[in-house]
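J.: Input file: final-v3.pdb. Contents: PDB, C-alpha atoms, pLDDT in the B column.
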```pdb
MODEL        1
ATOM      1  CA  MET A  30      10.402  23.110   2.087  1.00 50.00           C
ATOM      2  CA  GLY A  31       9.655  19.899   3.986  1.00 65.00           C
ATOM      3  CA  ARG A  32       7.391  17.074   2.959  1.00 86.00           C
ATOM      4  CA  ASN A  33       3.724  17.990   3.252  1.00 93.00           C
ATOM      5  CA  ILE A  34       1.655  15.748   5.509  1.00 96.00           C
ATOM      6  CA  LEU A  35      -2.114  15.920   5.886  1.00 97.00           C
ATOM      7  CA  VAL A  36      -3.238  14.752   9.337  1.00 97.00           C
ATOM      8  CA  VAL A  37      -6.908  13.741   9.459  1.00 97.00           C
ATOM      9  CA  GLU A  38      -7.836  13.424  13.134  1.00 95.00           C
ATOM     10  CA  ASP A  39     -10.844  14.728  15.078  1.00 93.00           C
ATOM     11  CA  ASP A  40      -9.197  14.484  18.518  1.00 93.00           C
ATOM     12  CA  HIS A  41      -7.501  17.882  18.888  1.00 94.00           C
ATOM     13  CA  ASN A  42      -5.137  16.664  21.625  1.00 94.00           C
ATOM     14  CA  ILE A  43      -3.819  13.921  19.330  1.00 93.00           C
ATOM     15  CA  SER A  44      -3.625  16.126  16.240  1.00 94.00           C
ATOM     16  CA  ASP A  45      -1.813  18.872  18.174  1.00 95.00           C
ATOM     17  CA  LEU A  46       0.715  16.341  19.494  1.00 94.00           C
ATOM     18  CA  ILE A  47       1.301  14.870  16.033  1.00 95.00           C
ATOM     19  CA  HIS A  48       1.640  18.366  14.582  1.00 95.00           C
ATOM     20  CA  MET A  49       4.243  19.349  17.165  1.00 94.00           C
ATOM     21  CA  TYR A  50       6.416  16.264  16.618  1.00 93.00           C
ATOM     22  CA  LEU A  51       6.193  16.294  12.819  1.00 93.00           C
ATOM     23  CA  VAL A  52       7.110  19.975  12.596  1.00 92.00           C
ATOM     24  CA  LYS A  53      10.154  19.230  14.758  1.00 90.00           C
ATOM     25  CA  GLU A  54      11.105  16.546  12.211  1.00 89.00           C
ATOM     26  CA  GLY A  55      10.965  19.100   9.392  1.00 89.00           C
ATOM     27  CA  PHE A  56       7.573  18.255   7.895  1.00 91.00           C
ATOM     28  CA  ASP A  57       4.973  20.774   6.766  1.00 92.00           C
ATOM     29  CA  VAL A  58       1.718  19.760   8.432  1.00 95.00           C
ATOM     30  CA  ARG A  59      -1.950  20.470   7.745  1.00 96.00           C
ATOM     31  CA  ILE A  60      -4.798  19.312   9.977  1.00 97.00           C
ATOM     32  CA  ALA A  61      -8.311  18.243   8.963  1.00 97.00           C
ATOM     33  CA  ALA A  62     -10.749  17.454  11.790  1.00 95.00           C
ATOM     34  CA  ASP A  63     -13.324  15.575   9.707  1.00 96.00           C
ATOM     35  CA  GLY A  64     -13.535  13.488   6.553  1.00 95.00           C
ATOM     36  CA  GLY A  65     -15.200  16.172   4.478  1.00 96.00           C
ATOM     37  CA  ARG A  66     -12.498  18.700   5.311  1.00 96.00           C
ATOM     38  CA  ALA A  67      -9.861  16.067   4.521  1.00 96.00           C
ATOM     39  CA  ILE A  68     -11.148  15.745   0.943  1.00 96.00           C
ATOM     40  CA  GLU A  69     -11.216  19.542   0.600  1.00 96.00           C
ATOM     41  CA  GLU A  70      -7.619  19.849   1.834  1.00 96.00           C
ATOM     42  CA  PHE A  71      -6.491  17.021  -0.418  1.00 96.00           C
ATOM     43  CA  ASN A  72      -8.077  18.657  -3.471  1.00 94.00           C
ATOM     44  CA  ARG A  73      -6.625  22.049  -2.549  1.00 93.00           C
ATOM     45  CA  GLN A  74      -3.072  20.729  -2.333  1.00 92.00           C
ATOM     46  CA  ALA A  75      -2.028  17.109  -2.762  1.00 90.00           C
ATOM     47  CA  PRO A  76       0.098  16.059   0.250  1.00 94.00           C
ATOM     48  CA  ASP A  77       3.124  13.773   0.185  1.00 93.00           C
ATOM     49  CA  LEU A  78       1.490  11.517   2.793  1.00 95.00           C
ATOM     50  CA  ILE A  79      -1.803  11.284   4.706  1.00 96.00           C
ATOM     51  CA  LEU A  80      -2.246  10.184   8.320  1.00 96.00           C
ATOM     52  CA  LEU A  81      -5.872   9.098   8.388  1.00 95.00           C
ATOM     53  CA  ASP A  82      -8.037   8.278  11.397  1.00 92.00           C
ATOM     54  CA  ILE A  83     -10.981   5.924  10.789  1.00 89.00           C
ATOM     55  CA  MET A  84     -13.634   7.155  13.227  1.00 88.00           C
ATOM     56  CA  LEU A  85     -14.320  10.634  11.835  1.00 92.00           C
ATOM     57  CA  PRO A  86     -17.294  13.018  11.553  1.00 94.00           C
ATOM     58  CA  VAL A  87     -18.897  13.704   8.135  1.00 94.00           C
ATOM     59  CA  LEU A  88     -17.000  10.937   6.291  1.00 92.00           C
ATOM     60  CA  ASP A  89     -15.235   8.042   8.008  1.00 91.00           C
ATOM     61  CA  GLY A  90     -11.676   7.063   7.190  1.00 90.00           C
ATOM     62  CA  TRP A  91     -12.717   4.170   4.937  1.00 88.00           C
ATOM     63  CA  SER A  92     -14.734   6.580   2.770  1.00 91.00           C
ATOM     64  CA  VAL A  93     -11.940   9.140   2.664  1.00 94.00           C
ATOM     65  CA  CYS A  94      -9.411   6.478   1.665  1.00 92.00           C
ATOM     66  CA  ALA A  95     -11.684   5.126  -1.076  1.00 90.00           C
ATOM     67  CA  LYS A  96     -12.350   8.627  -2.435  1.00 92.00           C
ATOM     68  CA  ILE A  97      -8.673   9.532  -2.562  1.00 93.00           C
ATOM     69  CA  ARG A  98      -7.734   6.221  -4.169  1.00 89.00           C
ATOM     70  CA  GLU A  99     -10.043   7.018  -7.084  1.00 88.00           C
ATOM     71  CA  THR A 100      -7.503   9.549  -8.333  1.00 89.00           C
ATOM     72  CA  SER A 101      -4.287   9.274  -6.324  1.00 89.00           C
ATOM     73  CA  LYS A 102      -1.595   6.861  -5.139  1.00 85.00           C
ATOM     74  CA  VAL A 103      -0.527   9.188  -2.307  1.00 91.00           C
ATOM     75  CA  PRO A 104       0.786   7.163   0.671  1.00 91.00           C
ATOM     76  CA  ILE A 105      -1.816   6.684   3.412  1.00 93.00           C
ATOM     77  CA  ILE A 106      -1.167   5.524   6.986  1.00 92.00           C
ATOM     78  CA  MET A 107      -4.313   4.638   8.928  1.00 89.00           C
ATOM     79  CA  LEU A 108      -4.460   5.845  12.546  1.00 85.00           C
ATOM     80  CA  THR A 109      -7.145   4.189  14.623  1.00 78.00           C
ATOM     81  CA  ALA A 110      -8.107   2.705  17.944  1.00 75.00           C
ATOM     82  CA  LYS A 111      -9.397  -0.333  16.082  1.00 66.00           C
ATOM     83  CA  GLY A 112      -6.877  -3.130  16.341  1.00 62.00           C
ATOM     84  CA  GLU A 113      -8.830  -6.136  15.149  1.00 63.00           C
ATOM     85  CA  VAL A 114      -7.254  -8.241  12.406  1.00 60.00           C
ATOM     86  CA  MET A 115     -10.086  -7.695   9.918  1.00 66.00           C
ATOM     87  CA  ASP A 116      -9.909  -3.920  10.413  1.00 66.00           C
ATOM     88  CA  ARG A 117      -6.207  -3.996   9.600  1.00 66.00           C
ATOM     89  CA  ILE A 118      -6.824  -6.159   6.546  1.00 68.00           C
ATOM     90  CA  GLN A 119      -9.646  -3.896   5.368  1.00 70.00           C
ATOM     91  CA  GLY A 120      -7.454  -0.821   5.626  1.00 68.00           C
ATOM     92  CA  LEU A 121      -4.651  -2.362   3.589  1.00 69.00           C
ATOM     93  CA  GLU A 122      -7.015  -3.841   1.015  1.00 71.00           C
ATOM     94  CA  MET A 123      -8.576  -0.428   0.463  1.00 74.00           C
ATOM     95  CA  GLY A 124      -5.176   0.938  -0.488  1.00 77.00           C
ATOM     96  CA  ALA A 125      -3.611   2.081   2.784  1.00 83.00           C
ATOM     97  CA  ASP A 126       0.167   1.703   2.899  1.00 82.00           C
ATOM     98  CA  ASP A 127       0.460   1.120   6.632  1.00 83.00           C
ATOM     99  CA  TYR A 128      -1.690   0.837   9.728  1.00 82.00           C
ATOM    100  CA  ILE A 129      -0.861   1.906  13.268  1.00 85.00           C
ATOM    101  CA  VAL A 130      -3.085   1.323  16.300  1.00 83.00           C
ATOM    102  CA  LYS A 131      -3.668   3.894  19.046  1.00 84.00           C
ATOM    103  CA  PRO A 132      -2.129   4.469  21.477  1.00 84.00           C
ATOM    104  CA  PHE A 133       1.243   4.628  19.742  1.00 87.00           C
ATOM    105  CA  GLU A 134       4.670   6.066  20.439  1.00 89.00           C
ATOM    106  CA  MET A 135       5.537   9.143  18.395  1.00 91.00           C
ATOM    107  CA  LYS A 136       8.940   7.670  17.557  1.00 88.00           C
ATOM    108  CA  GLU A 137       7.189   4.679  15.996  1.00 87.00           C
ATOM    109  CA  LEU A 138       4.831   6.907  14.018  1.00 90.00           C
ATOM    110  CA  ILE A 139       7.696   8.984  12.646  1.00 90.00           C
ATOM    111  CA  ALA A 140       9.623   5.821  11.757  1.00 87.00           C
ATOM    112  CA  ARG A 141       6.560   4.468   9.916  1.00 85.00           C
ATOM    113  CA  ILE A 142       6.146   7.760   8.035  1.00 89.00           C
ATOM    114  CA  ASN A 143       9.778   7.775   6.926  1.00 85.00           C
ATOM    115  CA  ALA A 144       9.613   4.103   5.929  1.00 81.00           C
ATOM    116  CA  VAL A 145       6.472   4.592   3.824  1.00 83.00           C
ATOM    117  CA  LEU A 146       7.929   7.671   2.121  1.00 84.00           C
ATOM    118  CA  ARG A 147      11.100   5.744   1.277  1.00 78.00           C
ATOM    119  CA  ARG A 148       9.131   2.817  -0.151  1.00 72.00           C
ATOM    120  CA  THR A 149       6.956   4.989  -2.338  1.00 69.00           C
ATOM    121  CA  GLU A 150       9.817   6.916  -3.896  1.00 65.00           C
ATOM    122  CA  ILE A 151      10.674   5.610  -7.362  1.00 52.00           C
ATOM    123  CA  PRO A 152      13.813   7.206  -8.885  1.00 50.00           C
ATOM    124  CA  MET A 153      13.039   9.118 -12.054  1.00 45.00           C
ATOM    125  CA  ASP A 154      15.789   7.326 -13.996  1.00 44.00           C
ATOM    126  CA  THR A 155      14.626   3.853 -13.067  1.00 53.00           C
ATOM    127  CA  SER A 156      11.918   2.052 -14.992  1.00 62.00           C
ATOM    128  CA  LYS A 157       9.802  -0.513 -13.201  1.00 82.00           C
ATOM    129  CA  ARG A 158       8.035  -2.424 -15.927  1.00 88.00           C
ATOM    130  CA  LEU A 159       7.898  -6.182 -16.469  1.00 92.00           C
ATOM    131  CA  THR A 160       6.510  -7.831 -19.600  1.00 92.00           C
ATOM    132  CA  PHE A 161       5.507 -11.473 -19.993  1.00 93.00           C
ATOM    133  CA  ASP A 162       3.274 -13.271 -22.461  1.00 93.00           C
ATOM    134  CA  LYS A 163      -0.063 -11.373 -22.372  1.00 93.00           C
ATOM    135  CA  LEU A 164       0.964  -9.597 -19.165  1.00 95.00           C
ATOM    136  CA  THR A 165       2.508  -6.200 -18.420  1.00 94.00           C
ATOM    137  CA  ILE A 166       3.152  -5.023 -14.841  1.00 94.00           C
ATOM    138  CA  ASP A 167       4.048  -1.320 -14.852  1.00 92.00           C
ATOM    139  CA  LEU A 168       4.912   0.360 -11.556  1.00 86.00           C
ATOM    140  CA  ASP A 169       5.831   3.620 -13.295  1.00 82.00           C
ATOM    141  CA  SER A 170       2.216   4.176 -14.288  1.00 83.00           C
ATOM    142  CA  TYR A 171       0.737   1.682 -11.800  1.00 86.00           C
ATOM    143  CA  GLU A 172      -1.016  -0.203 -14.571  1.00 90.00           C
ATOM    144  CA  LEU A 173      -1.707  -3.886 -15.046  1.00 94.00           C
ATOM    145  CA  VAL A 174      -2.371  -4.994 -18.625  1.00 94.00           C
ATOM    146  CA  VAL A 175      -3.729  -8.523 -19.056  1.00 94.00           C
ATOM    147  CA  ASP A 176      -4.256  -9.891 -22.557  1.00 92.00           C
ATOM    148  CA  GLY A 177      -4.283  -6.374 -23.984  1.00 91.00           C
ATOM    149  CA  LYS A 178      -6.735  -4.933 -21.424  1.00 92.00           C
ATOM    150  CA  LYS A 179      -5.966  -2.572 -18.559  1.00 92.00           C
ATOM    151  CA  ILE A 180      -7.176  -4.100 -15.300  1.00 92.00           C
ATOM    152  CA  ASP A 181      -8.061  -1.894 -12.340  1.00 88.00           C
ATOM    153  CA  THR A 182      -5.718  -3.060  -9.587  1.00 88.00           C
ATOM    154  CA  PRO A 183      -5.107  -1.617  -6.082  1.00 85.00           C
ATOM    155  CA  PRO A 184      -1.520  -0.444  -5.514  1.00 85.00           C
ATOM    156  CA  LYS A 185      -0.531  -3.182  -3.068  1.00 85.00           C
ATOM    157  CA  GLU A 186      -1.846  -5.949  -5.346  1.00 90.00           C
ATOM    158  CA  LEU A 187       0.223  -4.559  -8.208  1.00 91.00           C
ATOM    159  CA  GLU A 188       3.322  -4.190  -6.023  1.00 90.00           C
ATOM    160  CA  LEU A 189       2.914  -7.760  -4.774  1.00 92.00           C
ATOM    161  CA  LEU A 190       2.621  -9.132  -8.308  1.00 95.00           C
ATOM    162  CA  TYR A 191       5.607  -7.078  -9.456  1.00 94.00           C
ATOM    163  CA  HIS A 192       7.695  -8.311  -6.535  1.00 92.00           C
ATOM    164  CA  LEU A 193       6.926 -11.958  -7.274  1.00 94.00           C
ATOM    165  CA  ALA A 194       7.385 -11.562 -11.034  1.00 94.00           C
ATOM    166  CA  SER A 195      10.725  -9.765 -10.625  1.00 90.00           C
ATOM    167  CA  THR A 196      12.296 -13.070  -9.579  1.00 89.00           C
ATOM    168  CA  PRO A 197      10.421 -15.834 -11.428  1.00 91.00           C
ATOM    169  CA  ASN A 198      10.262 -19.247  -9.756  1.00 91.00           C
ATOM    170  CA  ARG A 199      11.612 -17.961  -6.461  1.00 90.00           C
ATOM    171  CA  VAL A 200       9.414 -19.046  -3.556  1.00 91.00           C
ATOM    172  CA  TYR A 201       8.537 -16.362  -0.998  1.00 91.00           C
ATOM    173  CA  THR A 202       7.075 -17.056   2.419  1.00 90.00           C
ATOM    174  CA  ARG A 203       4.154 -14.927   3.537  1.00 87.00           C
ATOM    175  CA  ASN A 204       6.317 -13.175   6.122  1.00 83.00           C
ATOM    176  CA  GLN A 205       8.941 -12.366   3.485  1.00 83.00           C
ATOM    177  CA  LEU A 206       6.267 -10.807   1.291  1.00 87.00           C
ATOM    178  CA  LEU A 207       4.944  -8.761   4.216  1.00 82.00           C
ATOM    179  CA  ASP A 208       8.438  -7.486   4.993  1.00 78.00           C
ATOM    180  CA  GLU A 209       9.489  -6.822   1.391  1.00 80.00           C
ATOM    181  CA  VAL A 210       6.232  -5.530  -0.125  1.00 83.00           C
ATOM    182  CA  TRP A 211       4.490  -3.912   2.835  1.00 76.00           C
ATOM    183  CA  GLY A 212       7.794  -3.066   4.455  1.00 68.00           C
ATOM    184  CA  PHE A 213       6.809  -3.730   8.044  1.00 54.00           C
ATOM    185  CA  ASP A 214       5.887  -6.608  10.308  1.00 46.00           C
ATOM    186  CA  TYR A 215       2.134  -6.890   9.807  1.00 48.00           C
ATOM    187  CA  PHE A 216       1.365  -7.698  13.438  1.00 50.00           C
ATOM    188  CA  GLY A 217       2.297 -11.339  12.854  1.00 47.00           C
ATOM    189  CA  ASP A 218      -0.760 -11.884  10.648  1.00 61.00           C
ATOM    190  CA  SER A 219      -0.236 -13.166   7.113  1.00 69.00           C
ATOM    191  CA  ARG A 220      -3.807 -13.564   5.895  1.00 79.00           C
ATOM    192  CA  THR A 221      -3.646 -10.284   4.019  1.00 82.00           C
ATOM    193  CA  VAL A 222      -1.124 -11.894   1.631  1.00 88.00           C
ATOM    194  CA  ASP A 223      -3.558 -14.736   0.931  1.00 90.00           C
ATOM    195  CA  VAL A 224      -6.348 -12.241   0.248  1.00 88.00           C
ATOM    196  CA  HIS A 225      -4.203 -10.252  -2.177  1.00 91.00           C
ATOM    197  CA  ILE A 226      -3.056 -13.415  -3.989  1.00 93.00           C
ATOM    198  CA  LYS A 227      -6.653 -14.579  -4.316  1.00 93.00           C
ATOM    199  CA  ARG A 228      -7.687 -11.284  -5.881  1.00 92.00           C
ATOM    200  CA  LEU A 229      -4.708 -11.272  -8.215  1.00 95.00           C
ATOM    201  CA  ARG A 230      -5.579 -14.760  -9.406  1.00 94.00           C
ATOM    202  CA  GLU A 231      -9.069 -13.580 -10.280  1.00 93.00           C
ATOM    203  CA  LYS A 232      -7.450 -11.054 -12.601  1.00 93.00           C
ATOM    204  CA  VAL A 233      -4.676 -13.096 -14.235  1.00 94.00           C
ATOM    205  CA  GLU A 234      -5.435 -16.809 -13.887  1.00 90.00           C
ATOM    206  CA  ASN A 235      -5.427 -18.960 -17.054  1.00 90.00           C
ATOM    207  CA  VAL A 236      -4.417 -16.051 -19.293  1.00 91.00           C
ATOM    208  CA  SER A 237      -1.208 -17.706 -20.493  1.00 92.00           C
ATOM    209  CA  ASP A 238       0.476 -21.085 -20.275  1.00 92.00           C
ATOM    210  CA  GLN A 239       3.866 -19.368 -20.014  1.00 93.00           C
ATOM    211  CA  TRP A 240       3.450 -18.175 -16.414  1.00 94.00           C
ATOM    212  CA  ALA A 241       1.229 -18.594 -13.349  1.00 94.00           C
ATOM    213  CA  LEU A 242       0.830 -17.557  -9.721  1.00 94.00           C
ATOM    214  CA  LYS A 243       1.525 -20.727  -7.778  1.00 94.00           C
ATOM    215  CA  THR A 244       1.001 -21.765  -4.170  1.00 94.00           C
ATOM    216  CA  VAL A 245       3.833 -23.769  -2.657  1.00 92.00           C
ATOM    217  CA  TRP A 246       1.987 -25.595   0.083  1.00 90.00           C
ATOM    218  CA  GLY A 247       3.433 -25.122   3.535  1.00 86.00           C
ATOM    219  CA  VAL A 248       5.836 -22.436   2.276  1.00 88.00           C
ATOM    220  CA  GLY A 249       4.307 -19.546   0.352  1.00 92.00           C
ATOM    221  CA  TYR A 250       3.929 -18.288  -3.215  1.00 95.00           C
ATOM    222  CA  LYS A 251       5.878 -17.883  -6.430  1.00 94.00           C
ATOM    223  CA  PHE A 252       5.456 -16.482  -9.935  1.00 95.00           C
ATOM    224  CA  GLU A 253       6.240 -19.517 -12.071  1.00 94.00           C
ATOM    225  CA  THR A 254       7.427 -19.220 -15.656  1.00 91.00           C
ATOM    226  CA  ALA A 255       7.840 -21.942 -18.228  1.00 81.00           C
ATOM    227  CA  ASN A 256      11.575 -21.426 -18.679  1.00 66.00           C
ATOM    228  CA  GLY A 257      12.480 -19.571 -15.479  1.00 52.00           C
ATOM    229  CA  ALA A 258      13.505 -16.505 -17.436  1.00 48.00           C
ATOM    230  CA  LYS A 259      12.938 -13.028 -16.124  1.00 52.00           C
ATOM    231  CA  ALA A 260      10.663 -10.729 -18.043  1.00 52.00           C
ATOM    232  CA  ALA A 261      11.931  -7.971 -20.276  1.00 48.00           C
ATOM    233  CA  GLU A 262      12.492  -4.814 -18.233  1.00 48.00           C
ATOM    234  CA  LYS A 263      12.250  -1.692 -20.319  1.00 41.00           C
ATOM    235  CA  ALA A 264      14.478   1.179 -19.241  1.00 34.00           C
TER     236      ALA A 264
ENDMDL
END
```
Take the structure in the file and give it back as structure tokens.
T.:
Amino acid sequence: MGRNILVVEDDHNISDLIHMYLVKEGFDVRIAADGGRAIEEFNRQAPDLILLDIMLPVLDGWSVCAKIRETSKVPIIMLTAKGEVMDRIQGLEMGADDYIVKPFEMKELIARINAVLRRTEIPMDTSKRLTFDKLTIDLDSYELVVDGKKIDTPPKELELLYHLASTPNRVYTRNQLLDEVWGFDYFGDSRTVDVHIKRLREKVENVSDQWALKTVWGVGYKFETANGAKAAEKA
């Protein structure tokens, strides 16, 4: 059985085209023509990935994304005619894994789907947990624990922090972080990294003197530790 993809799109011509191409690629495809139906389909059977339009009847794509993110980390790719920078940032901040603007080539869409599915697969025999003084970053359970308290953190914020903390004191440019955390060229715009760093700092700043999220002016960001040592990774 192929990967199950839920396509949420109210334009039947577009949804039919997507359905045809994805089935050819070996995916199992379900279609929801409005936001309310999308939630029903999601609750009936959790998909492996959701293609989500923004301008929808009943519930818009933002609302659907927010509702799903209350309980699930399922990969979400936003499909929309909106191409403005702030719309793209909003989609990613709300927990979307990728964002593609209409009109798009089907080959690009399929490539994005495969890339997102690859990025979200974590091998069962590999632990992804980092522990520092008063800080635990756990990608197995997608939990952030700061000074003994679990902190609600969107997936991309947690993945960004994990990526930085995996190589303490290494400086990453914004474009490197976009490529390595988001996994695609974010339309040449790097402000989403700044927004995510800002929100992470609100959660972890001044918790310990053993580590800190640092800005390297004119370059990018790093997770700085007192001795440069990597955290304990528990297998």
J.: Expand the PyMOL selection byres ((chain A and resi 226) around 10) into the individual residues it matches in the shown file, reporting them as a list in words.
T.: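 In the shown coordinates, the PyMOL selection byres ((chain A and resi 226) around 10) covers Glu186, Leu189, Leu190, Arg220, Thr221, Val222, Asp223, Val224, His225, Lys227, Arg228, Leu229, Arg230, Glu231, Lys232, Leu242, Lys243, Thr244 and Tyr250 of chain A.
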J.: Would you please work out which residue, of A:Ala61, A:Ile68, A:Ile43, A:Leu138, is nearest to Ile106 (chain A) when using all atoms listed in the file?
T.: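 Among A:Ala61, A:Ile68, A:Ile43, A:Leu138, it is A:Leu138 that comes nearest to Ile106 (chain A).
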J.: Tell me, in Å to one decimal, how far CA of Glu188 (chain A) is from CA of Val58 (chain A).
T.: 28.0 Å
J.: For this file, the PyMOL selection byres ((chain A and resi 177) around 9) selects which residues, as a PyMOL selection string?
T.: chain A and resi 163-165+174-176+178-179
J.: Which residues fall under the PyMOL selection byres ((chain A and resi 245) around 12) in this file, as a PyMOL selection string?
T.: chain A and resi 198-203+242-244+246-253
J.: Pick the closest to Pro76 (chain A) from A:Asp45, A:Glu99, A:Asp162, A:Asp57: which is it, counting only C-alpha atoms?
T.: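 With only C-alpha atoms as the atom set, the closest residue is A:Asp57.
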J.: Provide the CA of Gln205 (chain A) to CA of Leu80 (chain A) distance in Å, to one decimal place.
T.: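 Computed distance, CA of Gln205 (chain A) to CA of Leu80 (chain A), equals 25.6 Å.
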J.: What is the CA of Leu81 (chain A) to CA of Arg141 (chain A) distance in Å?
T.: 13.4 Å
J.: Might you pull out every residue within 8 Å of Gly64 (chain A), with all atoms listed in the file counted and same-chain residues fewer than 5 positions away left off, and present them as a list in words?
T.: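 What passes the distance filter is Val37, Leu85, Pro86, Val87, Leu88, Asp89, Gly90, Ser92 and Val93 of chain A.
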J.: I'd like the neighbourhood of Glu70 (chain A) as an MDAnalysis selection string, where a residue qualifies if any of its atoms comes within 9 Å (using only C-alpha atoms), though same-chain residues fewer than 3 positions away should be ignored.
T.: chainID A and resid 35 59:61 65:67 73:76
J.: Please return the centre and edge lengths, in Å to one decimal, of a box with edges along x, y and z that contains all listed atoms of region 238-245 of chain A, widened by 5 Å on every side, as lines of an AutoDock Vina configuration file.
T.:
```
center_x = 2.2
center_y = -20.7
center_z = -11.5
size_x = 13.4
size_y = 16.2
size_z = 27.6
```
J.: Closest to Ile97 (chain A) among A:Leu187, A:Ala110, A:Met84, A:Leu78, using only C-alpha atoms?
T.: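 Closest residue, counting only C-alpha atoms: A:Leu78.
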J.: Hey, which of A:Thr100, A:Gln119, A:Thr109, A:Gln239 ends up closest to Pro132 (chain A)? Count all atoms listed in the file.
T.: A:Thr109
